[in-house]
Every structure is written in C-alpha cells, then in structure tokens.
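**Q** Sending over run_8.csv (CSV, C-alpha atoms).
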```csv
chain,number,residue,atom,x,y,z
E,10,ASN,CA,153.7,-126.3,-181.6
E,11,ALA,CA,152.1,-128.4,-178.9
E,12,GLY,CA,149.1,-126.2,-178.2
E,13,VAL,CA,146.8,-128.0,-175.8
E,14,THR,CA,147.9,-131.4,-174.6
E,15,GLN,CA,145.6,-133.8,-172.9
E,16,THR,CA,146.5,-137.1,-171.2
E,17,PRO,CA,145.6,-139.8,-171.3
E,18,LYS,CA,143.9,-140.3,-174.7
E,19,PHE,CA,142.0,-143.3,-173.7
E,20,GLN,CA,141.0,-144.7,-170.3
E,21,VAL,CA,138.7,-147.4,-168.9
E,22,LEU,CA,137.6,-147.2,-165.3
E,23,LYS,CA,135.5,-149.4,-163.1
E,24,THR,CA,132.6,-147.8,-161.3
E,25,GLY,CA,133.8,-146.1,-158.1
E,26,GLN,CA,137.4,-145.7,-159.2
E,27,SER,CA,139.0,-142.3,-159.3
E,28,MET,CA,141.3,-140.6,-161.9
E,29,THR,CA,142.6,-137.3,-162.9
E,30,LEU,CA,142.6,-136.0,-166.5
E,31,GLN,CA,145.6,-133.8,-167.2
E,32,CYS,CA,145.6,-130.7,-169.5
E,33,ALA,CA,148.4,-128.4,-170.3
E,34,GLN,CA,148.7,-125.5,-172.7
E,35,ASP,CA,151.9,-123.7,-173.9
E,36,MET,CA,150.3,-120.6,-175.4
E,37,ASN,CA,150.3,-118.5,-172.2
E,38,HIS,CA,146.6,-118.4,-172.1
E,39,ASN,CA,144.7,-117.1,-169.1
E,40,SER,CA,141.4,-119.1,-169.6
E,41,MET,CA,141.0,-122.8,-169.6
E,42,TYR,CA,138.0,-125.1,-169.9
E,43,TRP,CA,136.8,-128.6,-169.5
E,44,TYR,CA,134.0,-130.0,-171.7
E,45,ARG,CA,132.4,-133.3,-172.1
E,46,GLN,CA,130.8,-134.5,-175.3
E,47,ASP,CA,128.3,-137.4,-175.5
E,48,PRO,CA,127.4,-139.2,-178.8
E,49,GLY,CA,125.3,-136.9,-181.0
E,50,MET,CA,125.5,-134.0,-178.6
E,51,GLY,CA,127.2,-130.7,-178.5
E,52,LEU,CA,129.9,-129.9,-175.9
E,53,ARG,CA,128.8,-129.2,-172.4
E,54,LEU,CA,131.0,-127.1,-170.1
E,55,ILE,CA,132.0,-128.9,-166.9
E,56,TYR,CA,134.3,-126.3,-165.2
E,57,TYR,CA,136.3,-123.4,-166.3
E,58,SER,CA,139.1,-121.2,-165.0
E,59,ALA,CA,139.0,-117.6,-166.2
E,60,SER,CA,142.5,-116.9,-164.9
E,61,GLU,CA,145.1,-118.6,-162.8
E,62,GLY,CA,143.9,-119.1,-159.3
E,63,THR,CA,140.2,-119.1,-160.1
E,64,THR,CA,137.8,-121.9,-161.1
E,65,ASP,CA,134.0,-121.8,-161.6
E,66,LYS,CA,131.3,-124.4,-162.3
E,67,GLY,CA,129.9,-124.8,-165.8
E,68,GLU,CA,126.7,-126.5,-166.9
E,69,VAL,CA,127.4,-130.0,-165.6
E,70,PRO,CA,129.9,-129.9,-162.7
E,71,ASN,CA,128.4,-132.7,-160.5
E,72,GLY,CA,130.8,-135.5,-159.9
E,73,TYR,CA,133.9,-133.6,-161.0
E,74,ASN,CA,136.5,-131.4,-159.3
E,75,VAL,CA,139.2,-129.2,-161.0
E,76,SER,CA,142.5,-127.7,-160.1
E,77,ARG,CA,144.2,-124.9,-161.8
E,78,LEU,CA,147.7,-125.9,-160.8
E,79,ASN,CA,149.4,-123.0,-162.5
E,80,LYS,CA,148.9,-120.9,-165.6
E,81,ARG,CA,149.7,-123.9,-167.9
E,82,GLU,CA,147.8,-126.7,-166.3
E,83,PHE,CA,144.2,-127.4,-165.5
E,84,SER,CA,143.3,-130.9,-164.3
E,85,LEU,CA,139.9,-132.6,-164.0
E,86,ARG,CA,139.3,-135.2,-161.3
E,87,LEU,CA,136.6,-137.8,-161.1
E,88,GLU,CA,136.5,-138.9,-157.4
E,89,SER,CA,134.1,-141.9,-157.9
E,90,ALA,CA,133.5,-142.7,-161.5
E,91,ALA,CA,130.0,-143.6,-162.7
E,92,PRO,CA,128.8,-145.1,-166.0
E,93,SER,CA,127.1,-141.8,-166.7
E,94,GLN,CA,130.5,-140.2,-166.9
E,95,THR,CA,131.4,-142.2,-169.9
E,96,SER,CA,132.1,-139.6,-172.5
E,97,VAL,CA,134.8,-137.8,-174.5
E,98,TYR,CA,136.4,-135.0,-172.5
E,99,PHE,CA,138.0,-132.0,-174.1
E,100,CYS,CA,140.2,-129.4,-172.6
E,101,ALA,CA,140.5,-125.9,-174.2
E,102,SER,CA,142.3,-122.7,-173.6
E,103,SER,CA,142.0,-119.1,-174.7
E,104,ARG,CA,143.6,-115.7,-174.0
E,105,GLN,CA,140.7,-114.4,-172.1
E,106,GLY,CA,137.1,-113.7,-172.7
E,107,GLN,CA,134.6,-115.4,-174.9
E,108,ASN,CA,135.4,-113.8,-178.2
E,109,THR,CA,139.0,-114.8,-178.3
E,110,GLU,CA,139.9,-117.9,-180.2
E,111,ALA,CA,139.8,-121.1,-178.1
E,112,PHE,CA,142.1,-124.0,-178.8
E,113,PHE,CA,141.1,-127.5,-178.0
E,114,GLY,CA,143.0,-130.6,-177.1
E,115,GLN,CA,142.5,-133.9,-178.9
E,116,GLY,CA,140.2,-135.3,-176.2
E,117,THR,CA,140.2,-138.1,-173.7
E,118,ARG,CA,137.9,-141.0,-174.4
E,119,LEU,CA,136.7,-142.3,-171.0
E,120,THR,CA,134.7,-145.4,-170.5
E,121,VAL,CA,133.3,-146.3,-167.1
E,122,VAL,CA,132.2,-149.9,-166.7
C,215,LEU,CA,123.7,-114.7,-173.6
C,216,ALA,CA,122.2,-114.8,-177.1
C,217,LYS,CA,120.6,-118.1,-178.1
C,218,THR,CA,121.4,-119.5,-181.5
C,219,THR,CA,119.4,-121.6,-183.9
C,220,GLN,CA,121.0,-123.5,-186.8
C,221,PRO,CA,119.9,-126.5,-188.9
C,222,ILE,CA,120.7,-129.9,-187.4
C,223,SER,CA,122.1,-131.3,-190.6
C,224,MET,CA,122.9,-130.5,-194.2
C,225,ASP,CA,123.9,-132.5,-197.2
C,226,SER,CA,126.0,-131.4,-200.1
C,227,TYR,CA,128.2,-132.7,-202.9
C,228,GLU,CA,131.8,-132.1,-203.7
C,229,GLY,CA,132.5,-128.8,-205.5
C,230,GLN,CA,129.3,-127.1,-204.3
C,231,GLU,CA,129.1,-124.0,-202.2
C,232,VAL,CA,127.5,-124.6,-198.8
C,233,ASN,CA,125.7,-121.9,-196.8
C,234,ILE,CA,124.8,-122.5,-193.2
C,235,THR,CA,122.6,-120.0,-191.6
C,236,CYS,CA,122.4,-119.2,-187.9
C,237,SER,CA,119.7,-117.2,-186.2
C,238,HIS,CA,120.5,-115.1,-183.1
C,239,ASN,CA,117.6,-112.8,-182.7
C,240,ASN,CA,118.6,-111.4,-179.3
C,241,ILE,CA,122.2,-110.6,-180.1
C,242,ALA,CA,123.6,-107.7,-178.0
C,243,THR,CA,125.7,-104.7,-179.2
C,244,ASN,CA,129.0,-106.1,-177.9
C,245,ASP,CA,128.4,-109.7,-179.2
C,246,TYR,CA,130.6,-111.3,-181.8
C,247,ILE,CA,129.5,-114.1,-184.1
C,248,THR,CA,132.0,-117.0,-184.2
C,249,TRP,CA,132.0,-120.3,-186.0
C,250,TYR,CA,133.8,-123.5,-185.0
C,251,GLN,CA,134.3,-126.7,-186.9
C,252,GLN,CA,134.6,-130.2,-185.4
C,253,PHE,CA,135.8,-133.2,-187.3
C,254,PRO,CA,135.0,-136.7,-185.9
C,255,SER,CA,137.1,-137.7,-182.9
C,256,GLN,CA,138.7,-134.2,-182.7
C,257,GLY,CA,138.2,-131.1,-180.7
C,258,PRO,CA,136.5,-128.1,-182.3
C,259,ARG,CA,138.7,-125.5,-184.1
C,260,PHE,CA,138.0,-121.9,-184.7
C,261,ILE,CA,137.0,-121.1,-188.3
C,262,ILE,CA,135.9,-117.4,-188.4
C,263,GLN,CA,134.6,-114.6,-186.4
C,264,GLY,CA,132.8,-111.4,-187.4
C,265,TYR,CA,130.9,-108.4,-186.0
C,266,LYS,CA,129.1,-107.0,-189.1
C,267,THR,CA,129.1,-107.1,-192.9
C,268,LYS,CA,131.4,-109.7,-194.4
C,269,VAL,CA,134.5,-111.4,-193.2
C,270,THR,CA,136.6,-113.8,-195.4
C,271,ASN,CA,139.6,-115.9,-194.7
C,272,GLU,CA,141.3,-118.9,-196.3
C,273,VAL,CA,138.6,-121.3,-195.0
C,274,ALA,CA,135.3,-119.6,-195.2
C,275,SER,CA,133.3,-116.4,-195.5
C,276,LEU,CA,130.9,-115.0,-192.9
C,277,PHE,CA,128.0,-112.8,-194.0
C,278,ILE,CA,126.2,-110.7,-191.3
C,279,PRO,CA,123.3,-108.5,-192.3
C,280,ALA,CA,122.9,-105.0,-190.9
C,281,ASP,CA,120.5,-106.1,-188.1
C,282,ARG,CA,122.9,-108.9,-187.1
C,283,LYS,CA,120.0,-111.1,-186.1
C,284,SER,CA,121.4,-113.9,-188.3
C,285,SER,CA,124.6,-114.9,-190.0
C,286,THR,CA,125.6,-117.2,-192.8
C,287,LEU,CA,128.8,-119.3,-192.9
C,288,SER,CA,129.7,-119.9,-196.5
C,289,LEU,CA,132.1,-122.7,-197.5
C,290,PRO,CA,133.2,-122.4,-201.2
C,291,ARG,CA,133.5,-125.6,-203.3
C,292,VAL,CA,133.4,-128.1,-200.4
C,293,SER,CA,135.3,-131.4,-200.5
C,294,LEU,CA,134.8,-134.6,-198.6
C,295,SER,CA,137.1,-133.4,-195.9
C,296,ASP,CA,134.7,-130.6,-195.1
C,297,THR,CA,132.4,-133.2,-193.6
C,298,ALA,CA,132.1,-132.0,-190.0
C,299,VAL,CA,129.9,-130.4,-187.4
C,300,TYR,CA,129.8,-126.6,-187.6
C,301,TYR,CA,128.9,-124.6,-184.5
C,302,CYS,CA,127.6,-121.0,-184.4
C,303,LEU,CA,128.3,-119.1,-181.2
C,304,VAL,CA,127.5,-115.6,-180.2
C,305,LEU,CA,130.2,-114.4,-177.8
C,306,ASN,CA,130.9,-111.4,-175.6
C,307,SER,CA,134.2,-110.4,-174.2
C,308,GLY,CA,132.5,-109.7,-170.9
C,309,TYR,CA,131.8,-113.4,-170.3
C,310,SER,CA,134.3,-116.1,-169.7
C,311,THR,CA,132.7,-119.2,-171.1
C,312,LEU,CA,132.0,-120.8,-174.5
C,313,THR,CA,128.6,-122.4,-174.8
C,314,PHE,CA,128.2,-124.8,-177.7
C,315,GLY,CA,124.8,-126.0,-179.0
C,316,LYS,CA,124.4,-129.2,-181.1
C,317,GLY,CA,125.7,-127.6,-184.3
C,318,THR,CA,125.0,-128.4,-187.9
C,319,MET,CA,126.3,-131.8,-189.2
C,320,LEU,CA,127.4,-131.2,-192.8
C,321,LEU,CA,127.8,-134.3,-194.9
C,322,VAL,CA,129.6,-133.9,-198.2
C,323,SER,CA,129.2,-136.7,-200.7
C,324,PRO,CA,131.1,-137.6,-203.8
```
Could you render the structure from this file as structure tokens?
**A**
Amino acid sequence: NAGVTQTPKFQVLKTGQSMTLQCAQDMNHNSMYWYRQDPGMGLRLIYYSASEGTTDKGEVPNGYNVSRLNKREFSLRLESAAPSQTSVYFCASSRQGQNTEAFFGQGTRLTVV
Amino acid sequence: LAKTTQPISMDSYEGQEVNITCSHNNIATNDYITWYQQFPSQGPRFIIQGYKTKVTNEVASLFIPADRKSSTLSLPRVSLSDTAVYYCLVLNSGYSTLTFGKGTMLLVSP
C-alpha cells in the first residue's frame, strides 16, 4: 500500500530558483494538505484542498502556490525560493473533514542556499 | 477552534506507563479529541480518537472525563521505540484543516 507519496525526498535549491514538490495519494481521499515543519516546531499548514477543484490558504501561504491536479495529486510550488523556506515539507490526505484520520507522506527535506 | 495545551516534554523509562494530559477548556459539542504520533524524520501518524469516556486500541488508551475539558493519552509499558512527539488535536467535522501545536516530546530511556 503506497498511501501518500512525496517526491523528491531531498532537494537543495539556490535562492531564486523554482521547484515543484509532488504529492500523490492512492486512498481516494477528498482532502489534501501541505505542511512545513521547522526544527523544534510543530507543523504549520501552508495550503489545503478540501476537495478536488478547490484550494485554500493555510497559516503560512506566502511564497507558495498549489495545484490540485486531480483527486490523487496535490503539488506545491515555490516560484522563487528563499532561505526562509528551508524546511521539511509534509503532504497529507484524509477522507474529508478534520476528524477523519489523516495520512502523511514521508516528507521532503528542502534546503535553500 | 478549541485551543489545546500539553506539556512540552516528558521523560520516562522502559516498561513504565506514560500519561500525557491535554487541556482543551473551550471544546465544543461536536469536537473530537485526536492524538497523533511523530517519529523523527517521519510524518505524523494517527494514534487514537475519542469523544467521551474511554477508548482503547492496540497502541494506546484515551481517557476523557465527563466535562471533556481535558484528555489523557496513556501508553502502557513504553519502550525506546515510543520516543516521539505526541500531538493532541481537537477536531470538528465541520472544518477542513488540521492544526498542530508543538506537541509533547516523549523521551524513553533504558
């Protein structure tokens, strides 16, 4: 069972470069999320998609864009990377609604130099 | 959304029972209490969820008093592999997002 798959697992970018983090789930979930986690911190929500065709900002959306390509895939794009975006990024999915179990990917460790 | 308060860290030894308490004074009628566990370098994973009284599964037990203003996650006979961050969340089906605090860092020593 693949669950939630994130690519890449590791990435180093130079300041100003752009990249897209990919996320796919095979559980037919409606809701998908992107979080970032900085050392010693909890997870902070960047963007979420409650259902296919919709996206909404979370707590820290600045500097990011998202695309809910279809029900399976939810990508996160950094248009012009900054050192402050160095973090571990987690994608998650759930059936729908807060109180359904969310499944997380293994994370993407991004370093911006 | 209900705010949660839990200890920043806890220490234990192998074989002991660990109880992590979470306060959620302004919990609403339709809110559920949910706990997630996060190992280093991994994403969080769901442990247990409850509405009231007691819930038990193969991993943990969740105790919720009648007023539901707090809850206690109980881990029986912890091992080194239970070292992780534990997050308490109060969730409502009417909302679409999961908001994580800083959680409780549990360190289990030999």
**Q** For stretch 32-67 of chain E against stretch 216-240 of chain C, with a cut-off of 12 Å and counting only C-alpha atoms, what is the closest atom pair and its distance in Å to one decimal for every residue that makes the cut, ordered by chain and number, as a tab-separated table?
**A**
```
residue	atom	partner	partner_atom	distance
E:Gly49	CA	C:Ile222	CA	10.5
E:Met50	CA	C:Ile222	CA	10.8
E:Gly51	CA	C:Ile222	CA	11.0
```
**Q** List every protein, DNA or RNA residue that has at least one atom no more than 8 Å from (135.2, -138.8, -169.7) in the file's coordinates, counting only C-alpha atoms, and write the result as a ChimeraX atom specification.
**A** /E:45,94-98,117-120
**Q** Pick out the closest residue to E:Gly62 from this set: E:Glu82, E:Gly116, E:Gly12, E:Asn74. Count all atoms listed in the file.
**A**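 Checking each of E:Glu82, E:Gly116, E:Gly12, E:Asn74 against E:Gly62, counting all atoms listed in the file, the winner is E:Glu82.
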**Q** Could you pull the residues within 7 Å of stretch 112-115 of chain E, counting only C-alpha atoms, minus those fewer than 5 positions along the same chain, as a ChimeraX atom specification?
**A** /E:13-15,99-103 /C:256-259
**Q** Have a look at C:Thr248, C:Ser295, C:Thr270, C:Thr286 and name the one nearest to chain E; count only C-alpha atoms.
**A**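 Of the candidates, the smallest distance to chain E is held by C:Thr248.
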**Q** What are the closest atom pairs, with distances in Å to one decimal, for all residues of chain C lying within 9 Å of chain E? Consider only C-alpha atoms, order rows by chain and residue number, and present the result as CSV.
**A**
```
residue,atom,partner,partner_atom,distance
C:Asp245,CA,E:Asn108,CA,8.2
C:Tyr246,CA,E:Asn108,CA,6.5
C:Ile247,CA,E:Asn108,CA,8.3
C:Thr248,CA,E:Asn108,CA,7.6
C:Ser255,CA,E:Gln115,CA,7.7
C:Gln256,CA,E:Gln115,CA,5.4
C:Gly257,CA,E:Phe113,CA,5.4
C:Pro258,CA,E:Phe113,CA,6.3
C:Arg259,CA,E:Phe112,CA,6.5
C:Phe260,CA,E:Glu110,CA,6.3
C:Gln263,CA,E:Asn108,CA,8.3
C:Tyr301,CA,E:Gly51,CA,8.7
C:Val304,CA,E:Asn108,CA,8.3
C:Leu305,CA,E:Asn108,CA,5.2
C:Asn306,CA,E:Gln107,CA,5.5
C:Ser307,CA,E:Gly106,CA,4.6
C:Gly308,CA,E:Gly106,CA,6.4
C:Tyr309,CA,E:Gln107,CA,5.7
C:Ser310,CA,E:Gly106,CA,4.8
C:Thr311,CA,E:Gln107,CA,5.7
C:Leu312,CA,E:Gln107,CA,6.0
C:Thr313,CA,E:Leu54,CA,7.1
C:Phe314,CA,E:Leu52,CA,5.7
C:Gly315,CA,E:Gly51,CA,5.3
C:Lys316,CA,E:Gly51,CA,4.1
C:Gly317,CA,E:Gly51,CA,6.7
```
**Q** Could you check how far atom CA of E:Ala91 sits from atom CA of E:Thr24, in Å to one decimal?
**A**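 Spanning atom CA of E:Ala91 to atom CA of E:Thr24 is a straight-line distance of 5.1 Å.
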**Q** Measure the distance from atom CA of C:Pro254 to atom CA of E:Ser76 in Å and round it to one decimal.
**A**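 These atoms are spaced 28.3 Å apart.
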**Q** Atom CA of E:Gln34 and atom CA of E:Phe19 are how many Å apart?
**A**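 We find that atom CA of E:Gln34 and atom CA of E:Phe19 lie 19.0 Å from each other.
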**Q** Which residue out of E:Asn79, E:Asn37, E:Gln26, E:Thr16 has the minimum interatomic distance to E:Val122 when all atoms listed in the file are used?
**A**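 Closest residue, counting all atoms listed in the file: E:Gln26.
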**Q** As a VMD selection string, please: the residues near E:Gly72 (cut-off 8 Å, only C-alpha atoms, same-chain neighbours under 3 positions excluded).
**A** chain E and resid 87 to 90
**Q** Which residues, written as a CSV table (one decimal) with C-alpha atoms, keeping the file's coordinate frame, have at least one atom at most 6 Å from C:Thr297, with only C-alpha atoms counted and residues fewer than 4 positions away on the same chain left out?
**A**
```csv
chain,number,residue,atom,x,y,z
C,320,LEU,CA,127.4,-131.2,-192.8
C,321,LEU,CA,127.8,-134.3,-194.9
C,322,VAL,CA,129.6,-133.9,-198.2
```
**Q** For each of C:Gln252, C:Asn244, C:Ser323, C:Ser285, take the minimum atom-to-atom distance to C:Val269, counting all atoms listed in the file, then give the residue where this is smallest.
**A** C:Ser285
**Q** Will you model N, CA and C atoms for stretch 61-84 of chain E and pass it back as a CSV table (one decimal), in the coordinates of the input?
**A**
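part.csv was written with the following content:
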```csv
chain,number,residue,atom,x,y,z
E,61,GLU,N,144.4,-117.8,-163.8
E,61,GLU,CA,145.1,-118.6,-162.8
E,61,GLU,C,144.6,-118.2,-161.4
E,62,GLY,N,144.3,-119.3,-160.6
E,62,GLY,CA,143.9,-119.1,-159.3
E,62,GLY,C,142.4,-119.1,-159.1
E,63,THR,N,141.6,-119.1,-160.2
E,63,THR,CA,140.2,-119.1,-160.1
E,63,THR,C,139.6,-120.3,-160.9
E,64,THR,N,138.5,-120.8,-160.3
E,64,THR,CA,137.8,-121.9,-161.1
E,64,THR,C,136.3,-121.6,-160.8
E,65,ASP,N,135.5,-122.0,-161.8
E,65,ASP,CA,134.0,-121.8,-161.6
E,65,ASP,C,133.3,-123.0,-162.3
E,66,LYS,N,132.1,-123.3,-161.8
E,66,LYS,CA,131.3,-124.4,-162.3
E,66,LYS,C,130.7,-124.0,-163.6
E,67,GLY,N,130.6,-125.0,-164.5
E,67,GLY,CA,129.9,-124.8,-165.8
E,67,GLY,C,128.5,-125.4,-165.7
E,68,GLU,N,128.1,-126.0,-166.8
E,68,GLU,CA,126.7,-126.5,-166.9
E,68,GLU,C,126.5,-127.8,-166.2
E,69,VAL,N,127.6,-128.7,-166.2
E,69,VAL,CA,127.4,-130.0,-165.6
E,69,VAL,C,128.6,-130.4,-164.7
E,70,PRO,N,128.7,-129.7,-163.5
E,70,PRO,CA,129.9,-129.9,-162.7
E,70,PRO,C,129.8,-131.1,-161.7
E,71,ASN,N,128.6,-131.6,-161.5
E,71,ASN,CA,128.4,-132.7,-160.5
E,71,ASN,C,129.2,-133.9,-160.8
E,72,GLY,N,130.0,-134.4,-159.8
E,72,GLY,CA,130.8,-135.5,-159.9
E,72,GLY,C,132.2,-135.2,-160.4
E,73,TYR,N,132.5,-134.0,-160.5
E,73,TYR,CA,133.9,-133.6,-161.0
E,73,TYR,C,134.5,-132.5,-160.0
E,74,ASN,N,135.8,-132.5,-160.0
E,74,ASN,CA,136.5,-131.4,-159.3
E,74,ASN,C,137.6,-131.0,-160.3
E,75,VAL,N,138.1,-129.7,-160.1
E,75,VAL,CA,139.2,-129.2,-161.0
E,75,VAL,C,140.2,-128.5,-160.1
E,76,SER,N,141.4,-128.5,-160.7
E,76,SER,CA,142.5,-127.7,-160.1
E,76,SER,C,143.2,-126.9,-161.2
E,77,ARG,N,143.4,-125.6,-160.9
E,77,ARG,CA,144.2,-124.9,-161.8
E,77,ARG,C,145.6,-124.8,-161.2
E,78,LEU,N,146.4,-125.7,-161.5
E,78,LEU,CA,147.7,-125.9,-160.8
E,78,LEU,C,148.6,-124.7,-161.0
E,79,ASN,N,148.6,-124.1,-162.2
E,79,ASN,CA,149.4,-123.0,-162.5
E,79,ASN,C,148.8,-122.4,-163.8
E,80,LYS,N,149.5,-121.5,-164.4
E,80,LYS,CA,148.9,-120.9,-165.6
E,80,LYS,C,148.8,-121.9,-166.8
E,81,ARG,N,149.7,-122.9,-166.8
E,81,ARG,CA,149.7,-123.9,-167.9
E,81,ARG,C,148.7,-125.0,-167.7
E,82,GLU,N,148.5,-125.4,-166.5
E,82,GLU,CA,147.8,-126.7,-166.3
E,82,GLU,C,146.5,-126.6,-165.6
E,83,PHE,N,145.6,-127.4,-166.1
E,83,PHE,CA,144.2,-127.4,-165.5
E,83,PHE,C,143.7,-128.9,-165.5
E,84,SER,N,143.6,-129.5,-164.4
E,84,SER,CA,143.3,-130.9,-164.3
E,84,SER,C,141.8,-131.1,-163.9
```
